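Have a look at run-v6.cif below; it lists mmCIF, N, CA and C atoms.
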data_upload
#
loop_
_atom_site.group_PDB
_atom_site.id
_atom_site.type_symbol
_atom_site.label_atom_id
_atom_site.label_comp_id
_atom_site.auth_asym_id
_atom_site.auth_seq_id
_atom_site.Cartn_x
_atom_site.Cartn_y
_atom_site.Cartn_z
ATOM 1 N N MET A 233 99.531 83.176 91.316
ATOM 2 C CA MET A 233 99.863 84.497 90.828
ATOM 3 C C MET A 233 99.280 85.577 91.730
ATOM 4 N N SER A 234 98.119 85.302 92.352
ATOM 5 C CA SER A 234 97.506 86.318 93.202
ATOM 6 C C SER A 234 98.328 86.577 94.457
ATOM 7 N N LEU A 235 99.016 85.555 94.977
ATOM 8 C CA LEU A 235 99.873 85.759 96.146
ATOM 9 C C LEU A 235 101.025 86.697 95.807
ATOM 10 N N LEU A 236 101.624 86.514 94.649
ATOM 11 C CA LEU A 236 102.698 87.398 94.216
ATOM 12 C C LEU A 236 102.202 88.832 94.059
ATOM 13 N N TRP A 237 101.009 88.980 93.494
ATOM 14 C CA TRP A 237 100.400 90.301 93.320
ATOM 15 C C TRP A 237 100.150 90.956 94.685
ATOM 16 N N GLN A 238 99.661 90.184 95.666
ATOM 17 C CA GLN A 238 99.414 90.718 96.999
ATOM 18 C C GLN A 238 100.718 91.122 97.688
ATOM 19 N N LEU A 239 101.772 90.344 97.508
ATOM 20 C CA LEU A 239 103.065 90.696 98.095
ATOM 21 C C LEU A 239 103.614 91.982 97.480
ATOM 22 N N LEU A 240 103.454 92.132 96.181
ATOM 23 C CA LEU A 240 103.924 93.341 95.504
ATOM 24 C C LEU A 240 103.147 94.568 95.975
ATOM 25 N N ILE A 241 101.841 94.479 96.031
ATOM 26 C CA ILE A 241 101.013 95.600 96.496
ATOM 27 C C ILE A 241 101.302 95.875 97.976
ATOM 28 N N GLY A 242 101.505 94.839 98.775
ATOM 29 C CA GLY A 242 101.869 95.012 100.184
ATOM 30 C C GLY A 242 103.186 95.745 100.341
ATOM 31 N N ALA A 243 104.155 95.425 99.493
ATOM 32 C CA ALA A 243 105.452 96.117 99.536
ATOM 33 C C ALA A 243 105.292 97.586 99.178
ATOM 34 N N ILE A 244 104.466 97.872 98.191
ATOM 35 C CA ILE A 244 104.247 99.267 97.790
ATOM 36 C C ILE A 244 103.532 100.035 98.899
ATOM 37 N N ILE A 245 102.522 99.433 99.500
ATOM 38 C CA ILE A 245 101.806 100.088 100.598
ATOM 39 C C ILE A 245 102.749 100.334 101.770
ATOM 40 N N GLY A 246 103.580 99.357 102.102
ATOM 41 C CA GLY A 246 104.551 99.526 103.184
ATOM 42 C C GLY A 246 105.578 100.611 102.878
ATOM 43 N N ALA A 247 106.032 100.682 101.630
ATOM 44 C CA ALA A 247 106.992 101.715 101.240
ATOM 45 C C ALA A 247 106.352 103.100 101.303
ATOM 46 N N VAL A 248 105.093 103.206 100.886
ATOM 47 C CA VAL A 248 104.385 104.493 100.963
ATOM 48 C C VAL A 248 104.221 104.903 102.423
ATOM 49 N N ALA A 249 103.859 103.967 103.276
ATOM 50 C CA ALA A 249 103.699 104.274 104.702
ATOM 51 C C ALA A 249 105.020 104.709 105.318
ATOM 52 N N GLY A 250 106.109 104.041 104.956
ATOM 53 C CA GLY A 250 107.422 104.442 105.461
ATOM 54 C C GLY A 250 107.823 105.820 104.968
ATOM 55 N N ALA A 251 107.496 106.135 103.717
ATOM 56 C CA ALA A 251 107.819 107.453 103.172
ATOM 57 C C ALA A 251 106.968 108.544 103.817
ATOM 58 N N LEU A 252 105.706 108.260 104.077
ATOM 59 C CA LEU A 252 104.830 109.251 104.701
ATOM 60 C C LEU A 252 105.248 109.564 106.134
ATOM 61 N N THR A 253 105.759 108.578 106.842
ATOM 62 C CA THR A 253 106.149 108.778 108.233
ATOM 63 C C THR A 253 107.622 109.146 108.386
ATOM 64 N N SER A 254 108.388 109.033 107.328
ATOM 65 C CA SER A 254 109.839 109.294 107.352
ATOM 66 C C SER A 254 110.554 108.445 108.390
ATOM 67 N N ARG A 255 110.118 107.233 108.546
ATOM 68 C CA ARG A 255 110.735 106.302 109.493
ATOM 69 C C ARG A 255 111.164 105.050 108.753
ATOM 70 N N ASN A 256 112.273 104.496 109.178
ATOM 71 C CA ASN A 256 112.785 103.282 108.556
ATOM 72 C C ASN A 256 112.250 102.055 109.275
ATOM 73 N N LEU A 257 111.825 101.083 108.498
ATOM 74 C CA LEU A 257 111.371 99.828 109.061
ATOM 75 C C LEU A 257 112.543 98.868 109.169
ATOM 76 N N PRO A 258 112.553 98.046 110.215
ATOM 77 C CA PRO A 258 113.590 97.020 110.267
ATOM 78 C C PRO A 258 113.365 95.982 109.175
ATOM 79 N N MET A 259 114.395 95.357 108.714
ATOM 80 C CA MET A 259 114.378 94.277 107.720
ATOM 81 C C MET A 259 114.122 94.749 106.299
ATOM 82 N N GLY A 260 114.209 96.024 105.994
ATOM 83 C CA GLY A 260 114.139 96.518 104.623
ATOM 84 C C GLY A 260 112.847 96.181 103.909
ATOM 85 N N TRP A 261 112.967 95.553 102.728
ATOM 86 C CA TRP A 261 111.796 95.248 101.903
ATOM 87 C C TRP A 261 110.879 94.230 102.557
ATOM 88 N N ILE A 262 111.452 93.301 103.311
ATOM 89 C CA ILE A 262 110.612 92.328 104.016
ATOM 90 C C ILE A 262 109.758 93.054 105.050
ATOM 91 N N GLY A 263 110.331 94.025 105.729
ATOM 92 C CA GLY A 263 109.570 94.854 106.670
ATOM 93 C C GLY A 263 108.488 95.640 105.967
ATOM 94 N N ASN A 264 108.792 96.149 104.760
ATOM 95 C CA ASN A 264 107.774 96.872 103.990
ATOM 96 C C ASN A 264 106.627 95.956 103.589
ATOM 97 N N ILE A 265 106.947 94.749 103.155
ATOM 98 C CA ILE A 265 105.900 93.803 102.768
ATOM 99 C C ILE A 265 105.029 93.459 103.975
ATOM 100 N N LEU A 266 105.670 93.165 105.105
ATOM 101 C CA LEU A 266 104.909 92.832 106.305
ATOM 102 C C LEU A 266 104.069 94.014 106.773
ATOM 103 N N ALA A 267 104.645 95.208 106.766
ATOM 104 C CA ALA A 267 103.885 96.397 107.175
ATOM 105 C C ALA A 267 102.713 96.635 106.236
ATOM 106 N N GLY A 268 102.906 96.415 104.945
ATOM 107 C CA GLY A 268 101.819 96.588 103.982
ATOM 108 C C GLY A 268 100.706 95.580 104.167
ATOM 109 N N LEU A 269 101.058 94.321 104.357
ATOM 110 C CA LEU A 269 100.041 93.278 104.505
ATOM 111 C C LEU A 269 99.315 93.374 105.843
ATOM 112 N N ILE A 270 100.076 93.533 106.922
ATOM 113 C CA ILE A 270 99.451 93.637 108.240
ATOM 114 C C ILE A 270 98.716 94.972 108.368
ATOM 115 N N GLY A 271 99.310 96.030 107.825
ATOM 116 C CA GLY A 271 98.646 97.336 107.840
ATOM 117 C C GLY A 271 97.372 97.333 107.028
ATOM 118 N N SER A 272 97.355 96.597 105.943
ATOM 119 C CA SER A 272 96.138 96.468 105.142
ATOM 120 C C SER A 272 95.044 95.789 105.946
ATOM 121 N N TRP A 273 95.393 94.731 106.621
ATOM 122 C CA TRP A 273 94.420 94.045 107.464
ATOM 123 C C TRP A 273 93.927 94.965 108.577
ATOM 124 N N LEU A 274 94.852 95.670 109.237
ATOM 125 C CA LEU A 274 94.497 96.572 110.325
ATOM 126 C C LEU A 274 93.606 97.712 109.838
ATOM 127 N N GLY A 275 93.985 98.335 108.732
ATOM 128 C CA GLY A 275 93.207 99.441 108.192
ATOM 129 C C GLY A 275 91.812 99.033 107.764
ATOM 130 N N GLU A 276 91.702 97.897 107.124
ATOM 131 C CA GLU A 276 90.384 97.428 106.690
ATOM 132 C C GLU A 276 89.546 96.974 107.880
ATOM 133 N N ALA A 277 90.181 96.466 108.932
ATOM 134 C CA ALA A 277 89.429 96.080 110.130
ATOM 135 C C ALA A 277 88.890 97.316 110.845
ATOM 136 N N LEU A 278 89.682 98.379 110.869
ATOM 137 C CA LEU A 278 89.254 99.603 111.561
ATOM 138 C C LEU A 278 88.335 100.474 110.722
ATOM 139 N N LEU A 279 88.631 100.599 109.423
ATOM 140 C CA LEU A 279 87.945 101.568 108.576
ATOM 141 C C LEU A 279 87.033 100.958 107.525
ATOM 142 N N GLY A 280 87.102 99.669 107.322
ATOM 143 C CA GLY A 280 86.281 99.030 106.297
ATOM 144 C C GLY A 280 86.985 99.011 104.949
ATOM 145 N N GLY A 281 86.306 98.554 103.945
ATOM 146 C CA GLY A 281 86.914 98.382 102.625
ATOM 147 C C GLY A 281 86.492 99.415 101.607
ATOM 148 N N TRP A 282 86.420 100.679 101.986
ATOM 149 C CA TRP A 282 85.984 101.723 101.055
ATOM 150 C C TRP A 282 87.149 102.194 100.187
ATOM 151 N N GLY A 283 86.841 102.803 99.103
ATOM 152 C CA GLY A 283 87.857 103.329 98.188
ATOM 153 C C GLY A 283 88.275 102.304 97.154
ATOM 154 N N PRO A 284 89.235 102.690 96.325
ATOM 155 C CA PRO A 284 89.700 101.762 95.282
ATOM 156 C C PRO A 284 90.385 100.543 95.896
ATOM 157 N N SER A 285 90.258 99.430 95.209
ATOM 158 C CA SER A 285 90.803 98.176 95.702
ATOM 159 C C SER A 285 91.721 97.562 94.654
ATOM 160 N N VAL A 286 92.878 97.101 95.084
ATOM 161 C CA VAL A 286 93.834 96.418 94.218
ATOM 162 C C VAL A 286 94.281 95.152 94.937
ATOM 163 N N ALA A 287 94.241 94.040 94.248
ATOM 164 C CA ALA A 287 94.662 92.738 94.787
ATOM 165 C C ALA A 287 93.916 92.393 96.063
ATOM 166 N N GLY A 288 92.646 92.804 96.147
ATOM 167 C CA GLY A 288 91.843 92.495 97.311
ATOM 168 C C GLY A 288 92.092 93.387 98.501
ATOM 169 N N MET A 289 92.888 94.445 98.332
ATOM 170 C CA MET A 289 93.186 95.365 99.425
ATOM 171 C C MET A 289 92.664 96.746 99.070
ATOM 172 N N ALA A 290 91.858 97.325 99.957
ATOM 173 C CA ALA A 290 91.384 98.691 99.764
ATOM 174 C C ALA A 290 92.567 99.631 100.033
ATOM 175 N N ILE A 291 92.935 100.442 99.068
ATOM 176 C CA ILE A 291 94.181 101.199 99.118
ATOM 177 C C ILE A 291 94.222 102.211 100.263
ATOM 178 N N VAL A 292 93.223 103.063 100.379
ATOM 179 C CA VAL A 292 93.274 104.141 101.378
ATOM 180 C C VAL A 292 93.288 103.594 102.805
ATOM 181 N N PRO A 293 92.357 102.707 103.199
ATOM 182 C CA PRO A 293 92.438 102.156 104.549
ATOM 183 C C PRO A 293 93.728 101.360 104.786
ATOM 184 N N SER A 294 94.234 100.720 103.737
ATOM 185 C CA SER A 294 95.471 99.947 103.873
ATOM 186 C C SER A 294 96.657 100.849 104.176
ATOM 187 N N ILE A 295 96.739 101.979 103.494
ATOM 188 C CA ILE A 295 97.840 102.914 103.740
ATOM 189 C C ILE A 295 97.721 103.511 105.141
ATOM 190 N N ILE A 296 96.502 103.866 105.545
ATOM 191 C CA ILE A 296 96.310 104.413 106.894
ATOM 192 C C ILE A 296 96.690 103.380 107.947
ATOM 193 N N GLY A 297 96.274 102.141 107.767
ATOM 194 C CA GLY A 297 96.641 101.073 108.696
ATOM 195 C C GLY A 297 98.133 100.825 108.726
ATOM 196 N N ALA A 298 98.779 100.874 107.565
ATOM 197 C CA ALA A 298 100.229 100.669 107.509
ATOM 198 C C ALA A 298 100.970 101.821 108.180
ATOM 199 N N VAL A 299 100.476 103.047 108.029
ATOM 200 C CA VAL A 299 101.099 104.199 108.698
ATOM 201 C C VAL A 299 101.005 104.016 110.213
ATOM 202 N N ILE A 300 99.842 103.610 110.701
ATOM 203 C CA ILE A 300 99.675 103.357 112.136
ATOM 204 C C ILE A 300 100.657 102.284 112.601
ATOM 205 N N LEU A 301 100.763 101.215 111.830
ATOM 206 C CA LEU A 301 101.668 100.121 112.178
ATOM 207 C C LEU A 301 103.126 100.558 112.167
ATOM 208 N N VAL A 302 103.535 101.342 111.168
ATOM 209 C CA VAL A 302 104.921 101.818 111.080
ATOM 210 C C VAL A 302 105.253 102.714 112.261
ATOM 211 N N VAL A 303 104.358 103.606 112.637
ATOM 212 C CA VAL A 303 104.604 104.504 113.764
ATOM 213 C C VAL A 303 104.745 103.715 115.061
ATOM 214 N N ILE A 304 103.835 102.777 115.297
ATOM 215 C CA ILE A 304 103.898 101.978 116.524
ATOM 216 C C ILE A 304 105.163 101.124 116.554
ATOM 217 N N THR A 305 105.479 100.484 115.427
ATOM 218 C CA THR A 305 106.674 99.633 115.358
ATOM 219 C C THR A 305 107.940 100.441 115.567
ATOM 220 N N SER A 306 108.046 101.604 114.940
ATOM 221 C CA SER A 306 109.262 102.403 115.103
ATOM 222 C C SER A 306 109.394 102.941 116.515
ATOM 223 N N MET A 307 108.260 103.251 117.177
ATOM 224 C CA MET A 307 108.329 103.691 118.575
ATOM 225 C C MET A 307 108.805 102.566 119.471
ATOM 226 N N ILE A 308 108.334 101.354 119.233
ATOM 227 C CA ILE A 308 108.753 100.208 120.047
ATOM 228 C C ILE A 308 110.244 99.939 119.851
ATOM 229 N N PHE A 309 110.719 99.929 118.592
ATOM 230 C CA PHE A 309 112.118 99.635 118.352
ATOM 231 C C PHE A 309 113.032 100.766 118.816
ATOM 232 N N SER A 310 112.563 102.006 118.789
ATOM 233 C CA SER A 310 113.405 103.105 119.279
ATOM 234 C C SER A 310 113.523 103.045 120.791
ATOM 235 N N ASN A 311 112.464 102.594 121.494
ATOM 236 C CA ASN A 311 112.529 102.456 122.945
ATOM 237 C C ASN A 311 113.411 101.286 123.344
ATOM 238 N N MET A 312 113.480 100.256 122.514
ATOM 239 C CA MET A 312 114.315 99.093 122.820
ATOM 240 C C MET A 312 115.790 99.429 122.642
ATOM 241 N N ASN A 313 116.123 100.376 121.796
ATOM 242 C CA ASN A 313 117.522 100.714 121.525
ATOM 243 C C ASN A 313 118.094 101.724 122.496
ATOM 244 N N ARG A 314 117.327 102.194 123.441
ATOM 245 C CA ARG A 314 117.848 103.162 124.421
ATOM 246 C C ARG A 314 118.642 102.506 125.485
#
Take the structure in the file and give it back as structure tokens.
Amino acid sequence: MSLLWQLLIGAIIGAVAGALTSRNLPMGWIGNILAGLIGSWLGEALLGGWGPSVAGMAIVPSIIGAVILVVITSMIFSNMNR
């Protein structure tokens, strides 16, 4: 059950990051889940685990990490489409 909870929270974090940056992720909801989970890892690695935590993920660093990941990913994919 905890894996399902982490996937759901990862999807929400990825969707928030996509909304904050106004950029679309490739692969839709799967991209949001991946951006949320990888962004959570990135944010917690860079900023630590401060703030409220849900499903083992610190929300604020996770969103910041996901925003960084979404921006970098969208820049890479936009350069590939030129």
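Only residues having an atom at most 12 Å from (104.1, 92.2, 95.1) are included; using only C-alpha atoms, these are Met233, Ser234, Leu235, Leu236, Trp237, Gln238, Leu239, Leu240, Ile241, Gly242, Ala243, Ile244, Ile245, Gly246, Ala247, Trp261, Ile262, Asn264, Ile265, Leu266, Gly268, Leu269, Val286 and Ala287 of chain A.
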How would you write, as an NGL selection string, the set of residues in chain A that DSSP gives as alpha helix (DSSP H)?
:A and (234-253 or 260-279 or 291-312)
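Using all atoms listed in the file, the shortest contact distance between Val292 of chain A and any of A:Ala249, A:Ser254, A:Gly275, A:Ile304 is found at A:Gly275.
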What's around Ile296 of chain A at 7 Å? Count all atoms listed in the file, leave out sequence neighbours fewer than 5 positions away in its own chain, and write the answer as an MDAnalysis selection string.
chainID A and resid 271 274:275 291 301
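The interatomic distance for the pair atom C of Leu278 of chain A and atom CA of Asn256 of chain A works out to 24.7 Å.
The residues of chain A that DSSP assigns to strand (DSSP E) on this backbone come out as Ser285, Val286, Met289 and Ala290 of chain A.
Computed from the coordinates, the atom CA of Gly280 of chain A to atom N of Ile295 of chain A distance equals 11.2 Å.
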Close residues, Trp282 of chain A itself excluded, 7 Å, all atoms listed in the file, min 3 positions apart in chain, as a PyMOL selection string
chain A and resi 276+279+285+290-293
May I have the residues from that selection written out with N, CA and C atoms, as a PDB file, keeping the file's coordinate frame?
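Full text of again_8.pdb as output:
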ATOM      1  N   GLU A 276      91.702  97.897 107.124  1.00  0.00           N
ATOM      2  CA  GLU A 276      90.384  97.428 106.690  1.00  0.00           C
ATOM      3  C   GLU A 276      89.546  96.974 107.880  1.00  0.00           C
ATOM      4  N   LEU A 279      88.631 100.599 109.423  1.00  0.00           N
ATOM      5  CA  LEU A 279      87.945 101.568 108.576  1.00  0.00           C
ATOM      6  C   LEU A 279      87.033 100.958 107.525  1.00  0.00           C
ATOM      7  N   SER A 285      90.258  99.430  95.209  1.00  0.00           N
ATOM      8  CA  SER A 285      90.803  98.176  95.702  1.00  0.00           C
ATOM      9  C   SER A 285      91.721  97.562  94.654  1.00  0.00           C
ATOM     10  N   ALA A 290      91.858  97.325  99.957  1.00  0.00           N
ATOM     11  CA  ALA A 290      91.384  98.691  99.764  1.00  0.00           C
ATOM     12  C   ALA A 290      92.567  99.631 100.033  1.00  0.00           C
ATOM     13  N   ILE A 291      92.935 100.442  99.068  1.00  0.00           N
ATOM     14  CA  ILE A 291      94.181 101.199  99.118  1.00  0.00           C
ATOM     15  C   ILE A 291      94.222 102.211 100.263  1.00  0.00           C
ATOM     16  N   VAL A 292      93.223 103.063 100.379  1.00  0.00           N
ATOM     17  CA  VAL A 292      93.274 104.141 101.378  1.00  0.00           C
ATOM     18  C   VAL A 292      93.288 103.594 102.805  1.00  0.00           C
ATOM     19  N   PRO A 293      92.357 102.707 103.199  1.00  0.00           N
ATOM     20  CA  PRO A 293      92.438 102.156 104.549  1.00  0.00           C
ATOM     21  C   PRO A 293      93.728 101.360 104.786  1.00  0.00           C
TER      22      PRO A 293
END
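Candidate residues A:Pro258, A:Gly263, A:Pro284, A:Gly250 were compared for distance to Val299 of chain A, and the nearest is A:Gly250, using all atoms listed in the file.
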Taking all atoms listed in the file into account, which of A:Met289, A:Ile308, A:Ala298, A:Val303 comes nearest Val248 of chain A?
A:Ala298
Mind working out the centre and edge lengths of an axis-aligned box for segment 267-285 of chain A, all listed atoms inside, 3 Å added to each side, rounded to one decimal in Å and written as JSON?
{"center_x": 95.3, "center_y": 98.3, "center_z": 103.1, "size_x": 24.7, "size_y": 16.1, "size_z": 22.9}
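For the choices A:Ser272, A:Ala267, A:Leu257, A:Gly288, the atom-to-atom distance to Phe309 of chain A is smallest for A:Leu257 when using only C-alpha atoms.
Distance-wise, atom CA of Met307 of chain A and atom C of Arg255 of chain A end up 10.3 Å apart.
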